[in-house]
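Pasting target_13.csv here (CSV, C-alpha atoms):
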```csv
chain,number,residue,atom,x,y,z
F,3,MET,CA,0.0,0.0,0.0
F,4,ALA,CA,1.4,3.4,-0.9
F,5,ALA,CA,2.4,5.6,2.1
F,6,ASP,CA,-0.3,8.2,1.4
F,7,ARG,CA,-3.0,5.5,1.1
F,8,LEU,CA,-1.9,4.0,4.5
F,9,SER,CA,-2.0,7.5,6.0
F,10,ARG,CA,-5.5,8.0,4.6
F,11,VAL,CA,-6.7,4.7,6.0
F,12,PHE,CA,-5.2,5.4,9.5
F,13,GLY,CA,-6.6,9.0,9.3
F,14,ALA,CA,-10.1,7.7,8.5
F,15,LEU,CA,-9.9,5.2,11.4
F,16,ALA,CA,-8.9,8.0,13.8
F,17,ASP,CA,-12.5,9.1,14.5
F,18,PRO,CA,-15.0,7.2,16.7
F,19,THR,CA,-18.0,8.1,14.5
F,20,ARG,CA,-16.2,6.7,11.4
F,21,ARG,CA,-15.3,3.5,13.2
F,22,ALA,CA,-18.9,3.2,14.4
F,23,ILE,CA,-20.1,3.6,10.8
F,24,LEU,CA,-17.8,0.8,9.7
F,25,ASN,CA,-19.1,-1.4,12.5
F,26,ARG,CA,-22.7,-0.7,11.4
F,27,LEU,CA,-21.8,-1.6,7.8
F,28,THR,CA,-20.6,-5.1,9.0
F,29,GLN,CA,-24.4,-5.8,9.2
F,30,GLY,CA,-24.9,-4.8,5.6
F,31,GLU,CA,-25.2,-1.8,3.3
F,32,ALA,CA,-27.0,1.3,4.6
F,33,THR,CA,-28.3,4.7,3.6
F,34,VAL,CA,-27.0,8.0,4.9
F,35,ALA,CA,-30.2,8.3,7.0
F,36,GLU,CA,-29.7,4.9,8.5
F,37,LEU,CA,-26.1,5.6,9.3
F,38,ALA,CA,-26.9,9.0,10.9
F,39,ALA,CA,-29.7,7.6,13.1
F,40,PRO,CA,-27.6,6.4,16.1
F,41,PHE,CA,-25.6,9.6,16.2
F,42,ARG,CA,-26.2,13.2,17.4
F,43,VAL,CA,-24.8,14.6,14.2
F,44,SER,CA,-26.5,15.9,11.1
F,45,GLN,CA,-26.8,13.9,7.8
F,46,PRO,CA,-24.3,16.4,6.2
F,47,ALA,CA,-21.8,15.6,8.9
F,48,ILE,CA,-22.3,11.9,8.3
F,49,SER,CA,-21.9,12.5,4.5
F,50,ARG,CA,-18.5,14.2,5.2
F,51,HIS,CA,-17.4,11.2,7.3
F,52,LEU,CA,-18.5,8.9,4.4
F,53,LYS,CA,-16.5,10.9,2.0
F,54,VAL,CA,-13.4,10.4,4.2
F,55,LEU,CA,-14.1,6.6,4.4
F,56,GLU,CA,-14.6,6.4,0.7
F,57,ASP,CA,-11.4,8.3,-0.1
F,58,ALA,CA,-9.6,5.8,2.1
F,59,GLY,CA,-11.2,2.9,0.2
F,60,LEU,CA,-13.0,1.7,3.3
F,61,ILE,CA,-16.4,2.0,1.8
F,62,SER,CA,-17.9,2.0,-1.7
F,63,ARG,CA,-21.2,3.7,-2.6
F,64,SER,CA,-24.0,2.9,-5.0
F,65,ARG,CA,-27.4,4.3,-5.8
F,66,ARG,CA,-30.7,2.5,-5.4
F,67,ALA,CA,-33.6,4.6,-6.6
F,68,THR,CA,-33.1,7.9,-4.6
F,69,ALA,CA,-31.1,6.3,-1.8
F,70,ARG,CA,-27.3,6.3,-1.7
F,71,LEU,CA,-26.0,3.1,-0.1
F,72,SER,CA,-22.7,2.6,1.6
F,73,HIS,CA,-21.0,-0.8,1.6
F,74,LEU,CA,-18.0,-1.9,3.7
F,75,GLU,CA,-14.7,-2.6,1.8
F,76,ALA,CA,-12.5,-4.5,4.2
F,77,GLU,CA,-9.4,-4.9,2.0
F,78,PRO,CA,-7.6,-1.7,3.4
F,79,LEU,CA,-8.1,-3.1,6.9
F,80,ARG,CA,-6.3,-6.3,5.8
F,81,GLU,CA,-3.4,-4.1,4.4
F,82,VAL,CA,-3.2,-2.2,7.7
F,83,THR,CA,-3.1,-5.5,9.7
F,84,THR,CA,-0.2,-6.6,7.4
F,85,TRP,CA,1.6,-3.4,8.2
F,86,LEU,CA,1.0,-3.9,11.9
F,87,ALA,CA,2.3,-7.5,11.8
F,88,ARG,CA,5.9,-6.3,11.6
F,89,TYR,CA,5.6,-5.0,15.2
F,90,GLN,CA,4.2,-8.2,16.5
F,91,ARG,CA,7.5,-9.5,17.8
F,92,PHE,CA,7.8,-6.3,19.9
F,93,TRP,CA,4.5,-6.9,21.8
F,94,ASP,CA,5.2,-10.6,21.8
F,95,GLU,CA,8.5,-9.9,23.5
F,96,SER,CA,6.9,-7.8,26.2
F,97,HIS,CA,4.3,-10.5,26.8
F,98,GLU,CA,7.0,-13.1,26.9
F,99,ARG,CA,8.8,-11.1,29.6
F,100,LEU,CA,5.6,-10.9,31.5
F,101,ASP,CA,5.0,-14.6,31.1
F,102,ASP,CA,8.6,-15.3,32.3
F,103,LEU,CA,8.0,-13.1,35.3
F,104,LEU,CA,4.7,-14.8,36.1
F,105,ALA,CA,6.3,-18.3,35.7
F,106,ALA,CA,9.1,-17.3,38.0
F,107,LEU,CA,6.7,-16.0,40.6
F,108,GLN,CA,4.6,-19.1,40.4
F,109,ALA,CA,7.7,-21.4,40.7
F,110,ALA,CA,8.8,-19.4,43.7
F,111,ASP,CA,5.3,-19.6,45.2
F,112,GLU,CA,5.0,-23.4,44.6
F,113,GLY,CA,8.5,-23.8,46.0
F,114,GLY,CA,7.4,-22.1,49.1
F,115,HIS,CA,4.5,-24.4,49.6
F,116,ILE,CA,5.9,-27.8,48.5
F,117,GLU,CA,9.4,-27.8,49.8
C,22,MET,CA,-8.9,0.5,24.8
C,23,ALA,CA,-11.0,3.6,25.3
C,24,ALA,CA,-12.4,5.2,22.1
C,25,ASP,CA,-10.3,8.3,22.4
C,26,ARG,CA,-7.1,6.3,23.0
C,27,LEU,CA,-7.8,4.3,19.9
C,28,SER,CA,-8.4,7.5,18.0
C,29,ARG,CA,-5.1,8.9,19.2
C,30,VAL,CA,-3.2,5.8,18.1
C,31,PHE,CA,-4.8,5.8,14.7
C,32,GLY,CA,-4.2,9.5,14.4
C,33,ALA,CA,-0.5,9.1,15.4
C,34,LEU,CA,-0.1,6.3,12.7
C,35,ALA,CA,-1.7,8.6,10.0
C,36,ASP,CA,1.6,10.2,9.1
C,37,PRO,CA,4.5,8.7,7.2
C,38,THR,CA,7.2,10.4,9.2
C,39,ARG,CA,5.8,9.1,12.5
C,40,ARG,CA,5.5,5.6,11.0
C,41,ALA,CA,9.1,5.9,9.9
C,42,ILE,CA,10.2,6.9,13.4
C,43,LEU,CA,8.4,3.8,14.8
C,44,ASN,CA,10.2,1.7,12.3
C,45,ARG,CA,13.5,3.2,13.2
C,46,LEU,CA,12.8,2.5,16.9
C,47,THR,CA,12.4,-1.2,16.2
C,48,GLN,CA,16.3,-1.2,16.0
C,49,GLY,CA,16.6,0.3,19.5
C,50,GLU,CA,16.1,3.5,21.3
C,51,ALA,CA,17.3,6.8,19.7
C,52,THR,CA,17.9,10.5,20.4
C,53,VAL,CA,15.9,13.2,18.7
C,54,ALA,CA,19.0,14.0,16.5
C,55,GLU,CA,19.3,10.4,15.4
C,56,LEU,CA,15.6,10.2,14.6
C,57,ALA,CA,15.7,13.5,12.7
C,58,ALA,CA,18.8,12.5,10.6
C,59,PRO,CA,17.0,10.6,7.8
C,60,PHE,CA,14.3,13.3,7.3
C,61,ARG,CA,14.3,16.7,5.7
C,62,VAL,CA,12.5,18.2,8.7
C,63,SER,CA,13.9,20.1,11.7
C,64,GLN,CA,14.5,18.7,15.1
C,65,PRO,CA,11.6,20.8,16.5
C,66,ALA,CA,9.3,19.2,13.9
C,67,ILE,CA,10.6,15.7,14.9
C,68,SER,CA,10.0,16.6,18.6
C,69,ARG,CA,6.4,17.5,17.8
C,70,HIS,CA,6.0,14.1,16.1
C,71,LEU,CA,7.5,12.4,19.1
C,72,LYS,CA,5.0,14.2,21.4
C,73,VAL,CA,2.1,12.8,19.3
C,74,LEU,CA,3.6,9.3,19.5
C,75,GLU,CA,4.1,9.6,23.2
C,76,ASP,CA,0.5,10.9,23.8
C,77,ALA,CA,-0.7,7.8,21.9
C,78,GLY,CA,1.4,5.5,24.1
C,79,LEU,CA,3.5,4.4,21.1
C,80,ILE,CA,6.8,5.6,22.6
C,81,SER,CA,8.2,6.2,26.0
C,82,ARG,CA,11.0,8.7,26.7
C,83,SER,CA,13.9,8.8,29.1
C,84,ARG,CA,17.0,10.9,29.7
C,85,ARG,CA,20.6,9.8,29.5
C,86,ALA,CA,22.9,12.7,30.4
C,87,THR,CA,21.8,15.5,28.1
C,88,ALA,CA,20.2,13.2,25.5
C,89,ARG,CA,16.5,12.4,25.5
C,90,LEU,CA,15.9,8.8,24.3
C,91,SER,CA,12.8,7.5,22.6
C,92,HIS,CA,11.8,3.9,23.0
C,93,LEU,CA,9.2,1.9,21.1
C,94,GLU,CA,6.1,0.8,23.0
C,95,ALA,CA,4.3,-1.8,20.9
C,96,GLU,CA,1.3,-2.6,23.2
C,97,PRO,CA,-1.1,0.0,21.5
C,98,LEU,CA,-0.3,-1.7,18.2
C,99,ARG,CA,-1.4,-5.0,19.6
C,100,GLU,CA,-4.6,-3.3,20.8
C,101,VAL,CA,-5.2,-1.8,17.3
C,102,THR,CA,-4.6,-5.3,15.7
C,103,THR,CA,-7.2,-6.8,18.1
C,104,TRP,CA,-9.7,-4.0,17.0
C,105,LEU,CA,-9.0,-4.8,13.3
C,106,ALA,CA,-9.5,-8.6,13.8
C,107,ARG,CA,-13.3,-8.2,14.0
C,108,TYR,CA,-13.2,-7.2,10.3
C,109,GLN,CA,-11.1,-10.2,9.3
C,110,ARG,CA,-14.1,-12.3,8.2
C,111,PHE,CA,-15.0,-9.5,5.7
C,112,TRP,CA,-11.7,-9.6,3.9
C,113,ASP,CA,-11.5,-13.4,4.3
C,114,GLU,CA,-14.9,-13.6,2.6
C,115,SER,CA,-13.8,-11.5,-0.4
C,116,HIS,CA,-10.6,-13.7,-0.6
C,117,GLU,CA,-12.7,-16.9,-0.3
C,118,ARG,CA,-14.9,-15.6,-3.2
C,119,LEU,CA,-11.7,-15.1,-5.2
C,120,ASP,CA,-10.4,-18.5,-4.2
C,121,ASP,CA,-13.7,-20.1,-5.3
C,122,LEU,CA,-13.5,-18.3,-8.6
C,123,LEU,CA,-9.9,-19.4,-9.2
C,124,ALA,CA,-10.8,-23.0,-8.2
C,125,ALA,CA,-13.7,-23.0,-10.6
C,126,LEU,CA,-11.6,-21.7,-13.4
C,127,GLN,CA,-8.9,-24.2,-12.7
C,128,ALA,CA,-11.4,-27.1,-12.6
C,129,ALA,CA,-12.9,-25.9,-15.9
C,130,ASP,CA,-9.4,-25.6,-17.4
C,131,GLU,CA,-8.3,-29.1,-16.2
C,132,GLY,CA,-11.6,-30.5,-17.4
C,133,GLY,CA,-10.8,-29.2,-20.9
C,134,HIS,CA,-7.4,-30.9,-21.0
C,135,ILE,CA,-8.1,-34.2,-19.3
C,136,GLU,CA,-11.5,-35.2,-20.5
```
This entry written out as structure tokens:
Amino acid sequence: MAADRLSRVFGALADPTRRAILNRLTQGEATVAELAAPFRVSQPAISRHLKVLEDAGLISRSRRATARLSHLEAEPLREVTTWLARYQRFWDESHERLDDLLAALQAADEGGHIE
Amino acid sequence: MAADRLSRVFGALADPTRRAILNRLTQGEATVAELAAPFRVSQPAISRHLKVLEDAGLISRSRRATARLSHLEAEPLREVTTWLARYQRFWDESHERLDDLLAALQAADEGGHIE
């Protein structure tokens, strides 16, 4: 993924309303009115959020009669996850250190009871 | 992770310089001067990026003599990956559809050659 595409995807995800819209779209496509319903924001504000999501490739939009439907596009989220995977060994390492500590504490504790 | 923490992490990742700084820190802790070296930006600009990364919990900072060292903190990236995992079935589905299509094409192709 090009650097600017990755920045657009991360930027689109950096807003709780936009993340909630994506979550709603996991249940199926929806109109702007349907997407605006759970929020205390206007339909124009939701439309601006949808534009950001569309520019990031996270949704596609189609027309059905007079309604404009949004549809989740998950591929950029797979690409972001691939980008994050390179850091996995760093959080694994910190978990391993914690596991080692817990194992050492448990061994010491068992030692105190058994021996 | 609280919604605003998640927004801060995604916002911090929405910049190619900040992502490059994180990538550099996978090699070990670094001073501001070391982090600024590969970029055509001033040290104050790098310091502002480091502040954003620190506020998101993606780096920690410590002093050694007069130098201020930045250290990668990968835990928020694990949390972001956990958040992304809920969308996995949506990109898996689109990959499965592609796999089905390829399998069908291959079967048709093999059918043409063998029978």
Practice task
May I ask you to extract the residues of chain F within 7 Å of chain C, using all atoms listed in the file, and to give them as a list in words?
Solution key: Ala5, Ser9, Arg10, Phe12, Gly13, Leu15, Ala16, Asp17, Pro18, Ala76, Glu77, Leu79, Arg80, Thr83, Leu86, Tyr89, Phe92 and Trp93 of chain F
Problem - atom CA of F:Leu60 to atom CA of C:Arg39, straight-line distance in Å - result: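 Separation of atom CA of C:Arg39 and atom CA of F:Leu60: 22.2 Å.
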Problem - Distance of atom CA of F:Val34 from atom CA of F:Leu71, expressed in Å to one decimal place - result: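 Interatomic distance, atom CA of F:Leu71 to atom CA of F:Val34: 7.1 Å.
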Exercise for the section: Just give me the residues with any atom within 12 Å of (5.9, 13.5, 23.6), file coordinates, counting only C-alpha atoms, written as an NGL selection string. Expected result: :C and (33 or 39 or 53 or 65-83 or 89-92)
Practice task
Please identify all polymer residues within 10 Å of C:Glu55, counting all atoms listed in the file, omitting same-chain residues fewer than 6 positions from it, and present them as JSON, numbers by chain.
Solution key: {"C": [42, 45, 64, 90]}
Problem - d(atom CA of C:Glu50, atom CA of C:Val62) in Å - result: 19.7 Å
Can I get C-alpha atoms for chain F, as a tab-separated table (two decimals), in the first residue's frame?
```
chain	number	residue	atom	x	y	z
F	3	MET	CA	0.00	0.00	0.00
F	4	ALA	CA	1.41	3.44	-0.90
F	5	ALA	CA	2.41	5.62	2.08
F	6	ASP	CA	-0.32	8.17	1.41
F	7	ARG	CA	-3.00	5.46	1.10
F	8	LEU	CA	-1.90	4.01	4.45
F	9	SER	CA	-2.04	7.52	5.97
F	10	ARG	CA	-5.55	8.02	4.57
F	11	VAL	CA	-6.72	4.70	6.04
F	12	PHE	CA	-5.23	5.41	9.48
F	13	GLY	CA	-6.61	8.97	9.34
F	14	ALA	CA	-10.08	7.66	8.47
F	15	LEU	CA	-9.94	5.25	11.44
F	16	ALA	CA	-8.86	8.03	13.85
F	17	ASP	CA	-12.47	9.05	14.54
F	18	PRO	CA	-14.98	7.16	16.72
F	19	THR	CA	-17.99	8.07	14.53
F	20	ARG	CA	-16.25	6.75	11.41
F	21	ARG	CA	-15.28	3.54	13.24
F	22	ALA	CA	-18.92	3.18	14.41
F	23	ILE	CA	-20.10	3.62	10.80
F	24	LEU	CA	-17.76	0.81	9.67
F	25	ASN	CA	-19.06	-1.36	12.50
F	26	ARG	CA	-22.68	-0.69	11.40
F	27	LEU	CA	-21.75	-1.62	7.82
F	28	THR	CA	-20.62	-5.09	8.96
F	29	GLN	CA	-24.38	-5.79	9.21
F	30	GLY	CA	-24.93	-4.84	5.58
F	31	GLU	CA	-25.17	-1.79	3.33
F	32	ALA	CA	-27.01	1.27	4.63
F	33	THR	CA	-28.34	4.67	3.56
F	34	VAL	CA	-26.99	7.97	4.93
F	35	ALA	CA	-30.18	8.35	7.02
F	36	GLU	CA	-29.71	4.86	8.51
F	37	LEU	CA	-26.06	5.59	9.29
F	38	ALA	CA	-26.90	8.98	10.86
F	39	ALA	CA	-29.71	7.60	13.08
F	40	PRO	CA	-27.59	6.42	16.07
F	41	PHE	CA	-25.55	9.64	16.23
F	42	ARG	CA	-26.24	13.16	17.44
F	43	VAL	CA	-24.80	14.55	14.23
F	44	SER	CA	-26.47	15.88	11.10
F	45	GLN	CA	-26.75	13.93	7.85
F	46	PRO	CA	-24.33	16.41	6.16
F	47	ALA	CA	-21.79	15.63	8.92
F	48	ILE	CA	-22.28	11.90	8.29
F	49	SER	CA	-21.88	12.52	4.55
F	50	ARG	CA	-18.53	14.18	5.22
F	51	HIS	CA	-17.45	11.16	7.29
F	52	LEU	CA	-18.55	8.86	4.44
F	53	LYS	CA	-16.45	10.90	1.98
F	54	VAL	CA	-13.36	10.37	4.20
F	55	LEU	CA	-14.09	6.62	4.42
F	56	GLU	CA	-14.65	6.43	0.66
F	57	ASP	CA	-11.39	8.31	-0.09
F	58	ALA	CA	-9.58	5.77	2.11
F	59	GLY	CA	-11.16	2.88	0.18
F	60	LEU	CA	-12.97	1.66	3.31
F	61	ILE	CA	-16.44	1.96	1.79
F	62	SER	CA	-17.91	1.96	-1.69
F	63	ARG	CA	-21.17	3.70	-2.58
F	64	SER	CA	-23.97	2.88	-4.97
F	65	ARG	CA	-27.40	4.28	-5.79
F	66	ARG	CA	-30.70	2.46	-5.40
F	67	ALA	CA	-33.58	4.64	-6.59
F	68	THR	CA	-33.10	7.91	-4.65
F	69	ALA	CA	-31.06	6.33	-1.84
F	70	ARG	CA	-27.29	6.29	-1.75
F	71	LEU	CA	-26.03	3.07	-0.14
F	72	SER	CA	-22.69	2.60	1.59
F	73	HIS	CA	-20.97	-0.77	1.57
F	74	LEU	CA	-18.01	-1.90	3.70
F	75	GLU	CA	-14.75	-2.56	1.84
F	76	ALA	CA	-12.48	-4.47	4.23
F	77	GLU	CA	-9.39	-4.86	2.01
F	78	PRO	CA	-7.58	-1.73	3.37
F	79	LEU	CA	-8.05	-3.14	6.90
F	80	ARG	CA	-6.25	-6.32	5.81
F	81	GLU	CA	-3.42	-4.15	4.44
F	82	VAL	CA	-3.22	-2.18	7.71
F	83	THR	CA	-3.10	-5.46	9.65
F	84	THR	CA	-0.23	-6.62	7.44
F	85	TRP	CA	1.60	-3.37	8.20
F	86	LEU	CA	1.04	-3.88	11.95
F	87	ALA	CA	2.31	-7.47	11.83
F	88	ARG	CA	5.92	-6.28	11.60
F	89	TYR	CA	5.60	-4.98	15.17
F	90	GLN	CA	4.17	-8.22	16.51
F	91	ARG	CA	7.50	-9.49	17.82
F	92	PHE	CA	7.82	-6.33	19.93
F	93	TRP	CA	4.55	-6.85	21.76
F	94	ASP	CA	5.18	-10.61	21.85
F	95	GLU	CA	8.54	-9.90	23.52
F	96	SER	CA	6.93	-7.78	26.22
F	97	HIS	CA	4.29	-10.50	26.76
F	98	GLU	CA	7.01	-13.14	26.94
F	99	ARG	CA	8.84	-11.08	29.55
F	100	LEU	CA	5.58	-10.90	31.52
F	101	ASP	CA	5.03	-14.64	31.06
F	102	ASP	CA	8.58	-15.31	32.29
F	103	LEU	CA	7.97	-13.11	35.32
F	104	LEU	CA	4.66	-14.84	36.12
F	105	ALA	CA	6.27	-18.29	35.67
F	106	ALA	CA	9.13	-17.28	37.97
F	107	LEU	CA	6.71	-15.95	40.59
F	108	GLN	CA	4.58	-19.09	40.35
F	109	ALA	CA	7.66	-21.35	40.65
F	110	ALA	CA	8.80	-19.38	43.70
F	111	ASP	CA	5.32	-19.59	45.20
F	112	GLU	CA	5.03	-23.37	44.59
F	113	GLY	CA	8.54	-23.82	45.95
F	114	GLY	CA	7.44	-22.10	49.14
F	115	HIS	CA	4.46	-24.44	49.57
F	116	ILE	CA	5.91	-27.77	48.47
F	117	GLU	CA	9.45	-27.78	49.75
```
